[in-house]
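Asks: Just one file: coords15.cif, with mmCIF, C-alpha atoms.
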data_model
loop_
_atom_site.label_atom_id
_atom_site.label_comp_id
_atom_site.auth_asym_id
_atom_site.auth_seq_id
_atom_site.Cartn_x
_atom_site.Cartn_y
_atom_site.Cartn_z
CA MET S 107 -5.59 22.92 24.37
CA LYS S 108 -3.47 25.70 22.90
CA ASN S 109 -0.39 23.46 22.88
CA LEU S 110 -2.08 20.33 21.50
CA GLY S 111 -0.02 18.86 18.67
CA VAL S 112 -1.97 15.74 17.62
CA LEU S 113 -5.74 15.41 17.16
CA LYS S 114 -7.55 12.28 15.92
CA LEU S 115 -11.22 12.76 15.00
CA LYS S 116 -11.90 9.96 12.53
CA TRP S 117 -15.42 8.51 12.27
CA LEU S 118 -16.95 11.78 13.52
CA LEU S 119 -19.00 14.44 11.75
CA ILE S 120 -16.83 17.54 11.36
CA THR S 121 -18.27 20.60 9.62
CA ASP S 122 -16.50 23.63 8.15
CA ILE S 123 -17.48 25.72 11.18
CA GLU S 124 -16.10 23.16 13.63
CA LEU S 125 -12.89 22.89 11.63
CA VAL S 126 -12.36 26.65 11.94
CA VAL S 127 -12.97 26.41 15.71
CA ILE S 128 -10.33 23.66 15.90
CA ALA S 129 -7.84 25.80 14.01
CA ASP S 130 -8.48 28.83 16.24
CA SER S 131 -8.30 26.93 19.53
CA MET S 132 -5.38 24.63 18.67
CA PRO S 133 -2.84 26.75 16.77
CA CYS S 134 0.02 24.31 17.43
CA LEU S 135 -1.57 21.32 15.71
CA GLU S 136 0.88 19.33 13.59
CA ASP S 137 -1.02 16.07 13.05
CA LEU S 138 -4.77 16.05 12.24
CA ASP S 139 -6.98 13.09 11.31
CA ILE S 140 -10.53 13.95 10.22
CA SER S 141 -11.00 10.91 7.99
CA ASN S 142 -14.07 8.79 7.29
CA PRO S 143 -16.70 11.07 8.84
CA VAL S 144 -20.25 9.89 9.46
CA ALA S 145 -22.78 11.17 6.96
CA GLY S 146 -24.51 14.43 7.79
CA GLN S 147 -26.21 17.44 6.28
CA ASP S 148 -23.26 19.77 6.80
CA ASP S 149 -20.31 17.97 5.26
CA LEU S 150 -16.77 19.26 5.25
CA THR S 151 -15.89 21.22 2.10
CA ASP S 152 -12.91 22.89 0.47
CA SER S 153 -13.83 26.15 2.24
CA GLY S 154 -13.19 24.60 5.64
CA ILE S 155 -9.85 23.14 4.57
CA GLU S 156 -8.79 26.44 3.02
CA VAL S 157 -9.43 28.33 6.27
CA LEU S 158 -7.77 25.58 8.31
CA SER S 159 -4.65 25.65 6.16
CA SER S 160 -4.38 29.43 6.46
CA LYS S 161 -4.43 29.21 10.25
CA LEU S 162 -2.34 26.08 10.90
CA LYS S 163 0.90 26.97 9.16
CA GLY S 164 2.82 24.35 11.14
CA LEU S 165 0.66 21.41 10.05
CA ARG S 166 2.80 18.39 9.14
CA LYS S 167 0.33 15.54 8.69
CA ILE S 168 -3.32 15.47 7.68
CA ASN S 169 -5.74 12.68 6.78
CA ILE S 170 -8.90 13.88 5.02
CA SER S 171 -9.88 10.54 3.45
CA GLY S 172 -13.59 9.89 3.13
CA ASN S 173 -14.66 13.53 2.95
CA ASN S 174 -16.58 13.25 -0.30
CA PHE S 175 -17.08 16.96 -0.99
CA ILE S 176 -13.40 17.82 -0.98
CA THR S 177 -11.63 18.45 -4.30
CA ASP S 178 -8.07 19.25 -5.27
CA LYS S 179 -8.75 22.83 -4.18
CA SER S 180 -8.03 21.52 -0.69
CA LEU S 181 -4.75 20.01 -1.91
CA LEU S 182 -3.80 23.34 -3.38
CA ALA S 183 -4.62 25.18 -0.15
CA LEU S 184 -2.74 22.72 2.06
CA SER S 185 0.29 22.61 -0.22
CA THR S 186 0.44 26.40 -0.53
CA ASN S 187 -0.22 27.39 3.07
CA CYS S 188 1.38 24.54 5.04
CA SER S 189 5.01 24.62 3.98
CA ASN S 190 6.00 21.97 6.56
CA LEU S 191 3.42 19.45 5.34
CA SER S 192 5.06 16.03 5.02
CA SER S 193 2.13 13.59 4.90
CA LEU S 194 -1.16 13.87 2.98
CA LEU S 195 -3.82 11.13 2.91
CA ILE S 196 -6.91 11.52 0.72
CA ASN S 197 -9.45 9.46 -1.22
CA ARG S 198 -12.50 9.90 -3.45
CA ILE S 199 -11.21 13.26 -4.54
CA GLU S 200 -12.06 15.19 -7.69
CA PHE S 201 -9.08 16.55 -9.60
CA GLY S 202 -9.23 19.58 -11.85
CA LEU S 203 -6.66 22.21 -10.85
CA PHE S 204 -3.12 21.87 -12.14
CA ASP S 205 -0.42 24.49 -11.76
CA ASP S 206 3.04 24.78 -10.29
CA SER S 207 1.76 26.07 -6.96
CA SER S 208 -0.03 22.79 -6.27
CA CYS S 209 3.13 21.33 -4.79
CA CYS S 210 4.56 24.18 -2.77
CA ALA S 211 4.89 21.91 0.28
CA ARG S 212 8.56 21.25 -0.30
CA LYS S 213 8.78 18.76 2.60
CA LEU S 214 5.99 16.48 1.38
CA SER S 215 7.32 12.93 1.75
CA THR S 216 4.09 10.88 1.93
CA ILE S 217 1.15 10.99 -0.48
CA ASP S 218 -1.70 8.48 -0.20
CA ILE S 219 -4.52 8.70 -2.77
CA SER S 220 -7.22 6.07 -3.22
CA ASP S 221 -10.54 5.54 -4.97
CA SER S 222 -10.07 8.63 -7.14
CA VAL S 223 -9.91 9.45 -10.83
CA VAL S 224 -6.28 10.56 -10.98
CA PRO S 225 -5.23 12.04 -14.33
CA ASP S 226 -1.75 11.91 -15.81
CA GLU S 227 -1.38 15.64 -15.20
CA PHE S 228 -1.21 15.12 -11.46
CA LEU S 229 1.76 12.75 -11.73
CA HIS S 230 3.41 15.09 -14.22
CA LEU S 231 3.01 17.87 -11.66
CA LEU S 232 4.73 15.76 -9.01
CA VAL S 233 7.56 14.98 -11.42
CA LYS S 234 8.05 18.68 -12.01
CA ALA S 235 7.83 19.52 -8.30
CA GLY S 236 10.74 17.30 -7.25
CA ILE S 237 9.57 16.91 -3.64
CA PRO S 238 11.39 14.53 -1.21
CA LEU S 239 8.83 11.77 -1.69
CA LYS S 240 9.47 8.49 0.14
CA ARG S 241 6.00 6.94 0.34
CA PHE S 242 3.47 7.01 -2.48
CA SER S 243 0.15 5.22 -2.71
CA LEU S 244 -2.18 5.31 -5.71
CA ALA S 245 -4.71 2.62 -4.83
CA ARG S 246 -7.77 1.65 -6.83
CA SER S 247 -7.46 4.52 -9.26
CA LEU S 248 -10.83 4.81 -10.98
CA TYR S 249 -11.41 4.66 -14.76
CA PRO S 250 -10.66 6.63 -16.85
CA SER S 251 -7.44 7.37 -15.12
CA ILE S 252 -3.69 7.14 -15.10
CA THR S 253 -1.64 5.71 -17.96
CA PHE S 254 1.42 3.50 -17.78
CA SER S 255 3.52 6.23 -19.37
CA ALA S 256 2.69 8.60 -16.51
CA ILE S 257 3.45 5.97 -13.87
CA SER S 258 6.76 5.15 -15.55
CA SER S 259 7.77 8.81 -15.77
CA PHE S 260 6.84 9.35 -12.13
CA LEU S 261 8.82 6.36 -10.84
CA ASN S 262 11.80 7.29 -12.98
CA LYS S 263 11.84 10.66 -11.22
CA TYR S 264 11.36 9.25 -7.71
CA ARG S 265 13.89 6.43 -7.66
CA SER S 266 14.40 6.92 -3.92
CA LEU S 267 10.85 5.77 -3.09
CA GLU S 268 10.77 3.34 -0.16
CA HIS S 269 7.05 2.51 -0.02
CA LEU S 270 4.91 2.10 -3.14
CA CYS S 271 1.27 1.06 -3.47
CA LEU S 272 -0.32 0.55 -6.89
CA ALA S 273 -3.13 -1.70 -5.66
CA GLY S 274 -5.96 -2.23 -8.10
CA THR S 275 -4.06 -0.86 -11.10
CA ASP S 276 -5.49 -3.06 -13.85
CA LEU S 277 -3.07 -1.95 -16.55
CA LEU S 278 -0.07 -3.53 -14.82
CA THR S 279 1.36 -6.74 -16.28
CA ASP S 280 4.45 -8.81 -15.50
CA GLU S 281 6.26 -7.15 -18.39
CA LYS S 282 5.38 -3.65 -17.21
CA ILE S 283 6.48 -4.43 -13.65
CA SER S 284 9.77 -5.64 -15.11
CA ASP S 285 10.22 -2.25 -16.77
CA LEU S 286 9.22 -0.30 -13.65
CA SER S 287 11.44 -2.36 -11.36
CA GLN S 288 14.51 -0.71 -12.89
CA CYS S 289 13.43 2.44 -11.01
CA LEU S 290 12.75 0.73 -7.69
CA CYS S 291 16.20 0.00 -6.33
CA ALA S 292 15.47 1.76 -3.00
CA LEU S 293 12.08 0.14 -2.45
CA VAL S 294 11.41 -1.48 0.94
CA LEU S 295 7.66 -2.18 0.64
CA ILE S 296 5.39 -2.69 -2.35
CA ASN S 297 1.64 -3.31 -2.49
CA LEU S 298 0.25 -4.75 -5.73
CA ASP S 299 -3.00 -6.13 -4.34
CA LEU S 300 -5.82 -6.73 -6.84
CA CYS S 301 -3.55 -6.30 -9.87
CA TYR S 302 -5.20 -9.25 -11.56
CA ASN S 303 -2.73 -9.65 -14.42
CA LEU S 304 0.34 -10.18 -12.22
CA THR S 305 1.76 -13.68 -11.78
CA GLU S 306 4.69 -15.20 -9.92
CA SER S 307 6.97 -13.69 -12.56
CA THR S 308 6.45 -10.30 -10.93
CA LEU S 309 7.73 -11.54 -7.58
CA PHE S 310 10.82 -13.07 -9.18
CA THR S 311 11.47 -9.75 -10.92
CA LEU S 312 11.08 -7.70 -7.74
CA ALA S 313 13.27 -10.05 -5.74
CA LYS S 314 16.00 -9.71 -8.34
CA ASN S 315 15.85 -5.99 -9.10
CA CYS S 316 14.90 -4.54 -5.69
CA PRO S 317 17.75 -5.47 -3.32
CA LEU S 318 16.31 -3.61 -0.30
CA LEU S 319 12.78 -5.00 -0.58
CA GLU S 320 11.37 -6.45 2.66
CA ASP S 321 7.59 -6.57 2.24
CA ILE S 322 5.58 -7.69 -0.81
CA SER S 323 1.79 -7.76 -0.91
CA MET S 324 0.14 -9.47 -3.88
CA GLU S 325 -3.29 -10.28 -2.52
CA GLY S 326 -5.89 -11.18 -5.12
CA THR S 327 -3.48 -11.37 -8.05
CA ASN S 328 -2.76 -14.31 -10.38
CA LEU S 329 0.02 -16.13 -8.56
CA GLY S 330 0.16 -19.63 -9.96
CA GLY S 331 -1.08 -18.38 -13.31
CA GLY S 332 2.02 -19.67 -15.03
CA GLY S 333 3.84 -16.43 -15.72
CA GLY S 334 6.98 -17.68 -14.03
CA ASP S 335 7.06 -21.20 -15.49
CA GLY S 336 9.90 -20.35 -17.83
CA ALA S 337 11.73 -18.03 -15.46
CA THR S 338 15.49 -18.33 -15.50
CA ASN S 339 18.19 -16.72 -13.43
CA ILE S 340 15.93 -16.59 -10.36
CA VAL S 341 17.72 -14.70 -7.60
CA LYS S 342 17.24 -15.18 -3.86
CA ASN S 343 16.63 -12.02 -1.86
CA PRO S 344 17.57 -12.40 1.83
CA ARG S 345 16.02 -9.02 2.68
CA ILE S 346 12.42 -10.10 1.99
CA LYS S 347 10.68 -10.86 5.29
CA SER S 348 6.96 -10.60 4.55
CA LEU S 349 4.73 -12.02 1.79
CA ASN S 350 0.98 -11.49 1.52
CA PHE S 351 -0.56 -13.92 -0.98
CA LYS S 352 -4.17 -13.92 0.28
CA ASN S 353 -6.96 -14.84 -2.14
CA ASN S 354 -4.77 -16.27 -4.89
CA ARG S 355 -7.00 -19.07 -6.07
CA ASN S 356 -4.52 -20.40 -8.65
CA LEU S 357 -1.64 -20.66 -6.18
CA SER S 358 -0.44 -24.27 -5.95
CA ASP S 359 1.87 -26.07 -3.53
CA GLU S 360 4.60 -26.18 -6.16
CA CYS S 361 4.35 -22.48 -6.94
CA LEU S 362 4.29 -21.48 -3.26
CA ALA S 363 7.41 -23.51 -2.52
CA LYS S 364 9.18 -21.90 -5.47
CA LEU S 365 8.22 -18.41 -4.31
CA ALA S 366 9.29 -19.13 -0.73
CA SER S 367 12.66 -20.41 -1.94
CA VAL S 368 13.43 -16.92 -3.21
CA CYS S 369 12.97 -15.53 0.32
CA PRO S 370 15.23 -17.49 2.72
CA SER S 371 14.76 -14.93 5.53
CA LEU S 372 10.96 -14.97 5.34
CA GLU S 373 9.23 -14.28 8.68
CA VAL S 374 5.62 -13.53 7.72
CA LEU S 375 3.54 -15.55 5.24
CA ASP S 376 -0.18 -15.13 4.55
CA VAL S 377 -1.85 -17.59 2.19
CA SER S 378 -5.38 -17.22 3.57
CA SER S 379 -8.16 -18.22 1.16
CA CYS S 380 -5.68 -19.89 -1.20
CA HIS S 381 -7.72 -23.03 -1.76
CA GLY S 382 -5.08 -24.82 -3.83
CA ILE S 383 -2.61 -24.94 -0.94
CA THR S 384 -2.19 -28.08 1.19
CA GLU S 385 0.03 -28.94 4.14
CA ASN S 386 2.57 -30.24 1.61
CA GLY S 387 2.98 -26.75 0.18
CA ILE S 388 3.48 -25.27 3.64
CA SER S 389 5.96 -28.02 4.50
CA ASP S 390 7.98 -27.52 1.31
CA SER S 391 7.98 -23.75 1.84
CA LEU S 392 9.32 -24.10 5.37
CA LYS S 393 12.26 -26.13 4.12
CA SER S 394 13.68 -22.99 2.50
CA ALA S 395 12.00 -20.43 4.78
CA SER S 396 12.53 -21.90 8.22
CA LYS S 397 12.44 -18.53 10.04
CA ILE S 398 8.69 -17.97 9.66
CA ARG S 399 7.28 -16.39 12.82
CA LYS S 400 3.78 -15.52 11.61
CA LEU S 401 1.74 -17.88 9.42
CA GLN S 402 -1.80 -17.15 8.23
CA ILE S 403 -3.72 -20.05 6.66
CA ASN S 404 -7.26 -18.85 7.31
CA LYS S 405 -9.94 -20.42 5.10
CA CYS S 406 -7.45 -22.79 3.45
CA ARG S 407 -9.69 -25.78 2.79
CA GLY S 408 -6.85 -27.89 1.45
CA ILE S 409 -4.78 -27.82 4.64
CA LYS S 410 -5.80 -30.80 6.76
CA ASN S 411 -2.88 -31.28 9.16
CA ILE S 412 -0.50 -28.43 9.84
CA GLY S 413 1.39 -30.27 12.57
CA ASN S 414 2.61 -33.23 10.56
CA GLY S 415 6.01 -33.60 8.96
CA PHE S 416 7.66 -30.23 9.54
CA GLU S 417 8.94 -27.99 12.31
CA LEU S 418 7.45 -24.67 13.40
CA SER S 419 10.06 -23.87 16.03
CA GLU S 420 10.16 -20.12 15.24
CA LEU S 421 6.39 -19.68 14.98
CA VAL S 422 4.88 -17.01 17.24
CA VAL S 423 1.55 -16.29 15.50
CA LEU S 424 -0.65 -18.83 13.73
CA GLY S 425 -3.96 -17.88 12.12
CA ALA S 426 -6.14 -20.75 10.96
CA ALA S 427 -9.72 -19.53 11.17
CA ARG S 428 -12.17 -21.84 9.40
CA SER S 429 -9.39 -24.34 8.77
CA GLU S 430 -9.19 -28.01 9.67
CA GLY S 431 -5.46 -27.72 10.33
CA LEU S 432 -5.72 -26.86 14.03
CA MET S 433 -8.24 -29.63 14.63
CA ALA S 434 -5.65 -32.13 13.46
CA MET S 435 -3.22 -30.73 16.03
CA GLY S 436 -5.75 -31.23 18.81
CA TRP S 437 -6.19 -27.46 19.46
#
Represent the structure contained in this file as structure tokens.

Replies:
Amino acid sequence: MKNLGVLKLKWLLITDIELVVIADSMPCLEDLDISNPVAGQDDLTDSGIEVLSSKLKGLRKINISGNNFITDKSLLALSTNCSNLSSLLINRIEFGLFDDSSCCARKLSTIDISDSVVPDEFLHLLVKAGIPLKRFSLARSLYPSITFSAISSFLNKYRSLEHLCLAGTDLLTDEKISDLSQCLCALVLINLDLCYNLTESTLFTLAKNCPLLEDISMEGTNLGGGGGDGATNIVKNPRIKSLNFKNNRNLSDECLAKLASVCPSLEVLDVSSCHGITENGISDSLKSASKIRKLQINKCRGIKNIGNGFELSELVVLGAARSEGLMAMGW
């Protein structure tokens, strides 16, 4: 076990004492997952993480999501002691410590924070740190939390970001995404799930201003809400291959076809639980996005016959749970 480099212990109860034993017996660990532990009397705390970080200097990746008694003291310890740390995943964390030493991990390229009250000061600290960040997730940031000014300043600093998740950020609007998109020229993937104020205008903006973008997730937004009705100078983006539009109740056939027309190389489309979509919308979308290999139409009550009037020659995966579409095909 002395030479073990990767250890996955998610969904288990790990205490501070056990974490110290792990650090002592596996000094070569580089990748550790102790996320989402089962509830117990002896929960993991900052003390355990502090000892772990002092012993595992070569740690590169750690996932401590779901450990509810951990605060940003653990972030400070990991960043200070583990100079090779490149990936940090956390959620439900309490922030309170802010100083220059909080980002000593100069190789940190992935930060994933969710379900936490994240203050502006944390993003300002990252701006000052200038780490080689490529993937950043700030999902479901709890109120009161981050401001648009802090997000804008952060993205202006990290224009080389490739993956960005701002899921559940209520303050975002089409206009604000338009402003932020000027900083996202290197972006490959973006997740804007549950940003309720965003309409189809946001997708048109991203397609135009993010030339390297391949994957867009806008589940539970307001696609079809009319934000793109007056859009002009719509630009096709041949790099976009995946669209997740699940749970967009205002999405219509006409709007879907218009969105698909912007993505001629589209391979993955998910419109599950979009009750305004019919087979006509799918058919019209496939006319401009004929390379679709994976199509998800689960719980689409409006789709009655998916096999009528259009070709699915490239299709490899079809999901149609609780849909009448497959029944019409005789499956």

Asks: Please define a box with edges along x, y and z of the file around all atoms of stretch 226-233 of chain S given in the file, extend it by 8 Å on each side, and return its centre and edge lengths in Å to one decimal, as lines of an AutoDock Vina configuration file.

Replies:
center_x = 2.9
center_y = 14.9
center_z = -12.4
size_x = 25.3
size_y = 22.0
size_z = 22.8

Asks: Go through the shown structure with the PyMOL selection byres ((chain S and resi 309) around 10) and write out the matching residues as a list of chain:residue names.

Replies: S:Asp280, S:Ile283, S:Ser284, S:Leu304, S:Thr305, S:Glu306, S:Ser307, S:Thr308, S:Phe310, S:Thr311, S:Leu312, S:Ala313, S:Lys314, S:Asn315, S:Ile322, S:Ser323, S:Met324, S:Leu329, S:Gly334, S:Leu349, S:Leu365, S:Val368

Asks: Measure the distance from atom CA of S:Pro344 to atom CA of S:Cys369 in Å and round it to one decimal.

Replies: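 Computing the Euclidean distance for atom CA of S:Pro344 and atom CA of S:Cys369 yields 5.8 Å.
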
Asks: So which one's closest to S:His230, S:Cys289, S:Thr279, S:Arg212, S:Ser258? Using all atoms listed in the file, please.

Replies: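 Closest residue, counting all atoms listed in the file: S:Ser258.
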
Asks: Counting only C-alpha atoms, figure out which residue out of S:Lys114, S:Lys240, S:Lys405, S:Arg166 gets nearest to S:Asn354.

Replies: S:Lys405

Asks: Tell me which residues the PyMOL selection byres ((chain S and resi 111) around 10) grabs here, as number ranges by chain.

Replies: S: 107-110, 112-113, 132-138, 164-166

Asks: List, as a list in words, every residue that the PyMOL selection byres ((chain S and resi 156) around 9) selects in the file provided.

Replies: Thr151, Asp152, Ser153, Gly154, Ile155, Val157, Leu158, Ser159, Ser160, Lys161, Lys179, Ser180, Leu182, Ala183, Leu184 and Asn187 of chain S

Asks: What would the file look like if the residues just selected were written as a PDB file, in the coordinates of the input with C-alpha atoms?

Replies:
ATOM      1  CA  THR S 151     -15.890  21.220   2.100  1.00  0.00           C
ATOM      2  CA  ASP S 152     -12.910  22.890   0.470  1.00  0.00           C
ATOM      3  CA  SER S 153     -13.830  26.150   2.240  1.00  0.00           C
ATOM      4  CA  GLY S 154     -13.190  24.600   5.640  1.00  0.00           C
ATOM      5  CA  ILE S 155      -9.850  23.140   4.570  1.00  0.00           C
ATOM      6  CA  VAL S 157      -9.430  28.330   6.270  1.00  0.00           C
ATOM      7  CA  LEU S 158      -7.770  25.580   8.310  1.00  0.00           C
ATOM      8  CA  SER S 159      -4.650  25.650   6.160  1.00  0.00           C
ATOM      9  CA  SER S 160      -4.380  29.430   6.460  1.00  0.00           C
ATOM     10  CA  LYS S 161      -4.430  29.210  10.250  1.00  0.00           C
ATOM     11  CA  LYS S 179      -8.750  22.830  -4.180  1.00  0.00           C
ATOM     12  CA  SER S 180      -8.030  21.520  -0.690  1.00  0.00           C
ATOM     13  CA  LEU S 182      -3.800  23.340  -3.380  1.00  0.00           C
ATOM     14  CA  ALA S 183      -4.620  25.180  -0.150  1.00  0.00           C
ATOM     15  CA  LEU S 184      -2.740  22.720   2.060  1.00  0.00           C
ATOM     16  CA  ASN S 187      -0.220  27.390   3.070  1.00  0.00           C
TER      17      ASN S 187
END

Asks: At what distance in Å, to one decimal, does atom CA of S:Arg241 lie from atom CA of S:Thr177?

Replies: 21.6 Å

Asks: Could you check which of S:Ser220, S:Cys316, S:Tyr302, S:Glu227 is closest to S:Arg345, using all atoms listed in the file?

Replies: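 Among S:Ser220, S:Cys316, S:Tyr302, S:Glu227, it is S:Cys316 that comes nearest to S:Arg345.
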
Asks: Counting only C-alpha atoms, which residue out of S:Leu272, S:Leu162, S:Leu286, S:Ala129 sits closest to S:Ala245?

Replies: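 Closest candidate: S:Leu272.
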
Asks: Between atom CA of S:Ala211 and atom CA of S:Ala256, what is the spacing in Å?

Replies: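 Here the two named atoms are 21.5 Å from each other.
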
Asks: Check the smallest atom-to-atom distance from each of S:Ile237, S:Leu195, S:Leu229, S:Lys393 to S:Thr253 using all atoms listed in the file, then report the winner.

Replies: S:Leu229

Asks: Using only C-alpha atoms for the distances, tell me which of S:Thr186, S:Ser358, S:Ser255, S:Asn173 is nearest to S:Gly408.

Replies: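 Result for the nearest residue to S:Gly408: S:Ser358.
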